[in-house]
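J.: Before we start, here is the structure in question, set down as C-alpha cells.
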Amino acid sequence: MTSIAKGPGAREAKRLIHSNPQQGWVDLVLKYGNNFSYQGGLATCDPAVIQTMLMQRTHTQYRSEGYKLMSRLVPGAPGVLFMEGEEWHKHVQAVMPVFTKSAVDSYASRMHETVVNCLADWKPGMPIPDLFVLITQLGLQVVLRVGYGLDLADSLTQRFGNMLMTYKQQTMTSQARLDEFGFSLDQLRIIPTFLRERYQLKRLIQTLNQVVSQIMQKRQQTGSQGQDWFNLLGKAGFSLSQISDELNHIYGAFSAIDYVITCGLVEVSRRPDWAERIRNELKQVLGKRLYPTRADFDHLPDTTNFMKEVFRYYPVAAAILRRTGEQLSINQDSLPKNREVMIMIQALHFHPDFWDSSATFDPNRWNRPLREPRAYMPFLIGPRQCIGRHLAELHFVITLNALLQRFDIQVLSDNPSILPYLIPRFAGPVPAQLTVYNQV
C-alpha cells in the first residue's frame, strides 16, 4: 500500500456501523477521509475514484475476491453478479432481453394487474405484523409472472416461489452472514453456525434444482416460447444447475426492490402530505388510466423525486466490492493492480460534502441542481451497472400508485432498525396498519 491514509481496525469500523447502520459509514469517512486503506485494500467514497473504478473497463473485467469467495462458500449464490470474463458476458447476453427498455415497457399492464390482485387480499383495519413480508410476497408474484412467465395458480409455481423466498430469507437473516465490513477474528465464532446453515442451504438448492427441472419439462410439453428467464437461459444452453442458480440469483437481486418499496412506505407514513401530493399527481397525469408507465415519468416530478430520495436514503447496498485492473491513481497516491476496493455507497449518499442536509429525507432536493451529481448511484454506472434498473423503477412506481390509490398506510414503528451489513435489510418486523383511502 502507498501513503493513502491508514483506516480503522475491523473492530472500530464494525462498532461505528453497528451503532448506526446509516450514519456510521459517514462517521468512518469523516474521521479517516474519503479514501483510506483497509485490510490491504482501499475503502472509498471519493466520487472521482468511484467514477474511475466503475467506468474504466480495466477495473471491471475481474470480480472482487470477496464476491468469488461468497460464490464458492454459499450454495445457490453463483450468478451474474459474481461472474467475470466470458462467463459473465454469456449470462448477461442470455437474460438481457428481459431488461431492455422496450421489454420493461411491455410489462406495465401485467405488473399492475399482479400488484392489484395481491392487494385484494390485504384487509384494512387488521394489524400487519410485518409490512416488509407483505411487500416481499407481492414482489415475488410479480417476478414469477412477469420475469419467469409462470402461472401463479399452478402448484409447481407456488412451490418454486416459496423456495426462492425461503432461500432469500435464510441468507438475509443468517446468524453467520459474510457481508460485514472486512474480516475480524470475532467472526471465527460463527463457523459452526455457518457450516450448519450451509448444509441447510445445500439441501434447499438440491430440491430447488428438482423443481426447476419439473417446471422446464412442463413448459416443454406445453410449448412455452415467451421471452422470460426460463426460456432465455434454456436457449443459451446452460445446464440445469446453472439455470437454477441464475434464476435464484436473479430473484435475489430483484427482491432488493422489496426493501426499497417498504422503506418508501415508511416515509409515506411519516409524511402524509407527500402521500397526498403523489396521489394527486398520479391522478392528474393518469386520468382514467389505471397505472403509470415509464413514459409518464417525465410528467411525474413529485413521484419520481420521492423515488429518487428513497433510493438515496435507503441504498440496497451500503457498499460494493471491486478489484483494480491496473494501478489506480488517487490524488498524489496510487493503489497497485489486483487490490480490493470497497465503494461505500451509503457514505457517498450521506456525505455532508456532497449533499445539503444529507441526513434529512427531502424529496424536494431533486428540484435543485445537485452539488455533486456523481454522489448518487443507486444502480451504479458503467459496464457492470444494474441491468434491472428500468424494471425496478417501474415496479416501485406502479406499486406505490396501486397502494396509495387504495390505502392510507401507517407504520407503527417510529424508526425501523436496519442490519449493519453491506446488504442492509430490516433488523426486525415493520408493523403497520392499513385504512381505506377515502377519496374526496
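As shown in the C-alpha cells, the chain order sets the letters A, B, ...; within each chain, residues go from 1, and ligands are also counted from 1 in the order they appear.
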Can you pull out every residue within 7 Å of segment 395-407 of chain A, counting only C-alpha atoms, but drop anything in the same chain fewer than 6 positions away, and send it as a list in words?

T.: His112, Val115, Val116, Ile261, Arg279, Tyr291, Pro292, Leu434, Thr435, Val436 and Tyr437 of chain A

J.: I need the chosen residues saved as a short mmCIF file (atom, residue, chain, number, x, y, z; two decimals), in the first residue's frame, with all heavy atoms.

T.:
data_model
loop_
_atom_site.label_atom_id
_atom_site.label_comp_id
_atom_site.auth_asym_id
_atom_site.auth_seq_id
_atom_site.Cartn_x
_atom_site.Cartn_y
_atom_site.Cartn_z
N HIS A 112 -49.05 -4.25 -13.06
CA HIS A 112 -50.15 -3.60 -12.32
C HIS A 112 -51.21 -4.61 -11.93
O HIS A 112 -51.67 -4.63 -10.77
CB HIS A 112 -50.77 -2.51 -13.20
CG HIS A 112 -52.06 -1.98 -12.67
ND1 HIS A 112 -52.13 -1.12 -11.60
CD2 HIS A 112 -53.36 -2.22 -13.05
CE1 HIS A 112 -53.40 -0.83 -11.34
NE2 HIS A 112 -54.15 -1.50 -12.20
N VAL A 115 -50.00 -6.75 -9.03
CA VAL A 115 -49.97 -5.99 -7.78
C VAL A 115 -51.38 -5.82 -7.23
O VAL A 115 -51.63 -6.05 -6.03
CB VAL A 115 -49.30 -4.62 -7.99
CG1 VAL A 115 -49.49 -3.73 -6.76
CG2 VAL A 115 -47.81 -4.78 -8.29
N VAL A 116 -52.32 -5.44 -8.09
CA VAL A 116 -53.70 -5.23 -7.64
C VAL A 116 -54.31 -6.52 -7.11
O VAL A 116 -55.04 -6.51 -6.10
CB VAL A 116 -54.54 -4.65 -8.80
CG1 VAL A 116 -56.03 -4.66 -8.45
CG2 VAL A 116 -54.10 -3.23 -9.12
N ILE A 261 -39.11 -0.42 -1.58
CA ILE A 261 -40.53 -0.06 -1.55
C ILE A 261 -41.02 0.05 -0.11
O ILE A 261 -41.75 0.99 0.24
CB ILE A 261 -41.36 -1.09 -2.34
CG1 ILE A 261 -41.08 -0.95 -3.84
CG2 ILE A 261 -42.85 -0.91 -2.07
CD1 ILE A 261 -41.74 -2.01 -4.69
N ARG A 279 -50.41 11.07 -4.74
CA ARG A 279 -51.73 10.64 -5.20
C ARG A 279 -52.31 11.61 -6.22
O ARG A 279 -52.78 11.22 -7.30
CB ARG A 279 -52.70 10.56 -4.01
CG ARG A 279 -52.59 9.34 -3.15
CD ARG A 279 -53.79 9.28 -2.20
NE ARG A 279 -53.67 8.17 -1.27
CZ ARG A 279 -53.42 8.31 0.02
NH1 ARG A 279 -53.21 9.52 0.53
NH2 ARG A 279 -53.36 7.26 0.80
N TYR A 291 -52.85 2.77 -14.37
CA TYR A 291 -51.47 2.62 -13.89
C TYR A 291 -50.52 3.47 -14.75
O TYR A 291 -50.80 3.75 -15.91
CB TYR A 291 -51.04 1.16 -13.93
CG TYR A 291 -51.16 0.52 -15.30
CD1 TYR A 291 -50.14 0.60 -16.23
CD2 TYR A 291 -52.33 -0.14 -15.67
CE1 TYR A 291 -50.26 0.04 -17.50
CE2 TYR A 291 -52.47 -0.72 -16.92
CZ TYR A 291 -51.42 -0.62 -17.83
OH TYR A 291 -51.55 -1.17 -19.07
N PRO A 292 -49.39 3.86 -14.16
CA PRO A 292 -48.40 4.63 -14.91
C PRO A 292 -47.48 3.72 -15.70
O PRO A 292 -47.36 2.52 -15.41
CB PRO A 292 -47.62 5.35 -13.81
CG PRO A 292 -47.71 4.41 -12.64
CD PRO A 292 -49.05 3.74 -12.73
N LEU A 434 -53.38 -0.55 7.99
CA LEU A 434 -53.98 -0.02 6.76
C LEU A 434 -55.38 0.48 7.04
O LEU A 434 -56.13 -0.13 7.81
CB LEU A 434 -54.06 -1.11 5.69
CG LEU A 434 -52.78 -1.66 5.09
CD1 LEU A 434 -53.12 -2.73 4.05
CD2 LEU A 434 -51.95 -0.56 4.44
N THR A 435 -55.73 1.59 6.43
CA THR A 435 -57.12 2.04 6.39
C THR A 435 -57.47 2.34 4.94
O THR A 435 -56.59 2.64 4.12
CB THR A 435 -57.33 3.31 7.24
OG1 THR A 435 -56.42 4.34 6.82
CG2 THR A 435 -57.09 3.01 8.72
N VAL A 436 -58.74 2.25 4.61
CA VAL A 436 -59.17 2.53 3.25
C VAL A 436 -59.00 4.01 2.97
O VAL A 436 -59.35 4.87 3.80
CB VAL A 436 -60.64 2.11 3.05
CG1 VAL A 436 -61.12 2.52 1.65
CG2 VAL A 436 -60.79 0.61 3.24
N TYR A 437 -58.40 4.32 1.83
CA TYR A 437 -58.24 5.71 1.44
C TYR A 437 -59.58 6.25 0.99
O TYR A 437 -60.20 5.75 0.06
CB TYR A 437 -57.21 5.84 0.30
CG TYR A 437 -57.17 7.21 -0.32
CD1 TYR A 437 -56.85 8.33 0.46
CD2 TYR A 437 -57.46 7.41 -1.67
CE1 TYR A 437 -56.81 9.60 -0.09
CE2 TYR A 437 -57.40 8.67 -2.23
CZ TYR A 437 -57.09 9.76 -1.44
OH TYR A 437 -57.05 11.02 -1.98
#

J.: Could you check how far atom CA of Asn367 of chain A sits from atom CA of Arg270 of chain A, in Å to one decimal?

T.: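 We find that atom CA of Asn367 of chain A and atom CA of Arg270 of chain A lie 20.8 Å from each other.
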
J.: Give me, please, the distance in Å between atom CA of Ile128 of chain A and atom CA of Leu144 of chain A, quoted to one decimal.

T.: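 That distance, rounded to one decimal, is 23.8 Å.
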
J.: Can you tell me, as a compact mmCIF listing (two decimals) with all heavy atoms, in the first residue's frame, which residues in segment 3-227 of chain A count as strand (DSSP E or B) by DSSP?

T.:
# COMPACT_ATOMS: atom_id res chain seq x y z
N LYS A 6 -4.16 5.69 6.53
CA LYS A 6 -4.48 4.44 7.21
C LYS A 6 -5.87 4.51 7.79
O LYS A 6 -6.25 5.51 8.41
CB LYS A 6 -3.46 4.15 8.31
CG LYS A 6 -3.68 2.82 9.00
CD LYS A 6 -2.62 2.57 10.08
CE LYS A 6 -2.87 1.24 10.78
NZ LYS A 6 -1.87 0.99 11.84
N ASN A 35 -10.85 8.46 1.18
CA ASN A 35 -10.07 7.31 0.75
C ASN A 35 -9.19 6.87 1.91
O ASN A 35 -8.42 7.67 2.43
CB ASN A 35 -9.18 7.66 -0.46
CG ASN A 35 -9.98 8.06 -1.67
OD1 ASN A 35 -10.67 7.25 -2.28
ND2 ASN A 35 -9.88 9.34 -2.06
N PHE A 36 -9.31 5.62 2.32
CA PHE A 36 -8.41 5.14 3.37
C PHE A 36 -8.13 3.66 3.16
O PHE A 36 -8.93 2.92 2.56
CB PHE A 36 -8.97 5.40 4.77
CG PHE A 36 -10.32 4.80 5.06
CD1 PHE A 36 -10.46 3.47 5.43
CD2 PHE A 36 -11.46 5.59 4.99
CE1 PHE A 36 -11.69 2.92 5.72
CE2 PHE A 36 -12.71 5.05 5.27
CZ PHE A 36 -12.83 3.71 5.64
N SER A 37 -6.98 3.23 3.63
CA SER A 37 -6.59 1.83 3.48
C SER A 37 -7.36 0.99 4.49
O SER A 37 -7.62 1.43 5.62
CB SER A 37 -5.08 1.66 3.69
OG SER A 37 -4.72 2.02 5.02
N TYR A 38 -7.69 -0.20 4.09
CA TYR A 38 -8.42 -1.09 4.99
C TYR A 38 -8.14 -2.54 4.60
O TYR A 38 -8.46 -2.97 3.50
CB TYR A 38 -9.92 -0.80 4.94
CG TYR A 38 -10.71 -1.57 5.98
CD1 TYR A 38 -10.59 -1.24 7.33
CD2 TYR A 38 -11.55 -2.60 5.63
CE1 TYR A 38 -11.29 -1.94 8.29
CE2 TYR A 38 -12.27 -3.31 6.58
CZ TYR A 38 -12.13 -2.97 7.93
OH TYR A 38 -12.82 -3.66 8.89
N GLY A 41 -6.57 -3.26 1.24
CA GLY A 41 -7.22 -2.68 0.07
C GLY A 41 -7.58 -1.22 0.32
O GLY A 41 -6.99 -0.54 1.17
N LEU A 42 -8.57 -0.74 -0.40
CA LEU A 42 -8.98 0.65 -0.32
C LEU A 42 -10.47 0.71 -0.02
O LEU A 42 -11.26 -0.02 -0.62
CB LEU A 42 -8.70 1.37 -1.64
CG LEU A 42 -9.23 2.81 -1.76
CD1 LEU A 42 -8.36 3.77 -0.94
CD2 LEU A 42 -9.27 3.24 -3.23
N ALA A 43 -10.85 1.59 0.89
CA ALA A 43 -12.25 1.94 1.11
C ALA A 43 -12.44 3.37 0.63
O ALA A 43 -11.64 4.25 0.99
CB ALA A 43 -12.62 1.80 2.58
N THR A 44 -13.45 3.62 -0.19
CA THR A 44 -13.59 4.94 -0.79
C THR A 44 -15.04 5.38 -0.92
O THR A 44 -15.93 4.57 -1.15
CB THR A 44 -12.93 4.97 -2.18
OG1 THR A 44 -13.07 6.29 -2.74
CG2 THR A 44 -13.58 3.96 -3.13
N PRO A 127 -54.25 -5.41 11.87
CA PRO A 127 -52.83 -5.08 12.06
C PRO A 127 -51.95 -5.93 11.16
O PRO A 127 -52.22 -7.12 10.94
CB PRO A 127 -52.58 -5.38 13.53
CG PRO A 127 -53.66 -6.35 13.91
CD PRO A 127 -54.85 -6.00 13.08
N ILE A 128 -50.91 -5.33 10.62
CA ILE A 128 -49.94 -6.03 9.78
C ILE A 128 -48.69 -6.29 10.62
O ILE A 128 -48.00 -5.34 11.01
CB ILE A 128 -49.58 -5.20 8.55
CG1 ILE A 128 -50.81 -4.97 7.69
CG2 ILE A 128 -48.48 -5.87 7.73
CD1 ILE A 128 -50.58 -4.01 6.54
